[in-house]
Amino acid sequence: MSMLPQQVKLVEVGPRDGLQNEKQEVPADVKIELVNRLADAGFVNVEAASFVSPKWVPQMATSAAVMAGIRRRPGTLYSALTPNMQGFEAAMAAGADEVVIFGSASEAFSQKNINCSIAESIARFEPVAAAAKARGVRLRGSISCSFGCPYQGAVPLSAVADVVARMAALGCDEIDIADTIGVATARQTQAVMETAAHAFHLERIAGHFHDTYGQALANIYASLEVGVRIFHSSVAGLGGCPYAKGATGNVASEDVLYLLHGLGIATGVDLDAVVDAGQFIAAHLGRKAASRAGNAIAAKRA
Ligand code: HMG
Ligand code: MG
């Protein structure tokens, strides 16, 4: 049994992956408060915006206002999704610290999500990657459907390996292996992570798990066992994907923090402050947070 790491980096994706999927419109000032609370809680990386077509994802149309309104905490990276040069220019105008190109290991999902093939997406990402490098901005690559696809079902390991290699060739600083529809199980997770690590630096691979089938914490633990040290999570378990029907939110940040801190792994994040942020956004949305640990801690306090 391998040793678990002493420290893990968490990327809080709730303001983007979470709120992009909300039926109700969330005003920019609420998003701004949420981002500020999460940065203050200690997340060194907050995914705050998405510069995509407002026709495709209307919930993210306020991204420029959000980026303009947040308080920039020194040392925190504020990331934004950028599917093409138009998105990149908008992200630069908004002062994003990191841009995220997002592709897929599944052809069918690539078409549904970004309206092009995998090969075409890589061609679109090339100028974005070059521009990011030229401006000294961090570049992250996200790979959807690395464990299964809502349209084509199984996704072979070779398809994941291929897209990881292409993202690596584009110069990505970090690559996210995403379980868009939350179907992965623990041993499969290890096989996919080990495959990805043949094509990219293990210490710069991130696990992005949606919790649709309730396996995300197990998959994070399984990933830790094979050396993954970066994970994405979403406060209050917000989220889903507008182009993956039935996909629920990302694994809840509060639950991940409870797991990691219980293992003695340092995150630099204050769980109590994240619980507060989770209760804040859940109250705004008018429903209970989808975080077991968050709700338990909130109930114990009351
Ligand atoms: P397209 O229609 O093929 O693009 O969409 P186009 O270049 O032909 O342009 C069509 C129109 O879109 C034009 O406007 C462009 O100006 C506009 P019109 O002339 O018709 O008025 N447009 C843009 N507007 C604003 N910002 C832009 C932009 N680009 C074009 N950047 C496109 C292609 C990629 C733009 C579209 O398919 C799109 O926006 N898709 C976004 C899908 C998305 O955001 N999905 C959710 C995020 S990914 C995710 O959640 C997965 C992840 O969490 C990992 C995981 O869990 O799997 C990351
Ligand atoms: Mg996602």
# chains A, B, ... in the order shown; residues from 1 in each chain; ligands from 1
>>> closest_atom_pairs(of="chain A", to="ligand 1", cutoff="6 Å", atoms="only C-alpha atoms and all ligand atoms", output="CSV")
residue,atom,partner,partner_atom_place_in_ligand_line,distance
A:Asp17,CA,ligand 1,53 (O),5.5
A:Phe51,CA,ligand 1,26 (N),5.0
A:Val52,CA,ligand 1,39 (O),3.9
A:Ser53,CA,ligand 1,24 (N),3.6
A:Pro54,CA,ligand 1,25 (C),6.0
A:Trp56,CA,ligand 1,39 (O),5.2
A:Val57,CA,ligand 1,44 (O),5.8
A:Pro83,CA,ligand 1,34 (C),5.1
A:Asn84,CA,ligand 1,31 (N),5.6
A:Gln86,CA,ligand 1,31 (N),4.5
A:Gly87,CA,ligand 1,31 (N),3.4
A:Phe102,CA,ligand 1,58 (C),5.7
A:Asn113,CA,ligand 1,42 (C),4.8
A:Ile114,CA,ligand 1,37 (O),3.5
A:Asn115,CA,ligand 1,37 (O),4.9
A:Ser142,CA,ligand 1,58 (C),5.6
A:Ser144,CA,ligand 1,57 (O),3.4
A:Cys145,CA,ligand 1,57 (O),5.7
A:Ala178,CA,ligand 1,55 (C),4.8
A:Asp179,CA,ligand 1,56 (O),5.7
A:Thr180,CA,ligand 1,57 (O),3.8
A:Cys241,CA,ligand 1,50 (O),4.8
>>> select_by_dssp(residues="range 5-217 of chain A", states="strand (DSSP E or B)", output="NGL selection string")
:A and (7 or 9-12 or 45-50 or 77-81 or 98-104 or 138-144 or 149 or 153 or 174-179 or 205-210)
>>> residues_around(residues="Asp162 in chain A", least_positions_apart="5", cutoff="12 Å", atoms="only C-alpha atoms", output="list in words")
Gly103, Ser104, Ala105, Ser106, Ile118, Ala119, Ile122, Ile143, Ser146, Val155, Pro156, Leu157, Met167, Ala168, Ala169, Thr195, Ala196, Ala197, His198, Ala199 and Phe200 of chain A
>>> select_by_dssp(residues="range 164-272 of chain A", states="alpha helix (DSSP H)", output="PyMOL selection string")
chain A and resi 164-169+186-199+216-225+253-262+271-272
>>> residues_around(residues="Ala266 in chain A", least_positions_apart="3", cutoff="7 Å", atoms="only C-alpha atoms", output="number ranges by chain")
A: 6-8, 261
>>> closest_residue(among="A:Glu254, A:Glu47, A:Glu89, A:Glu126", to="ligand 2", atoms="only C-alpha atoms and all ligand atoms")
A:Glu47
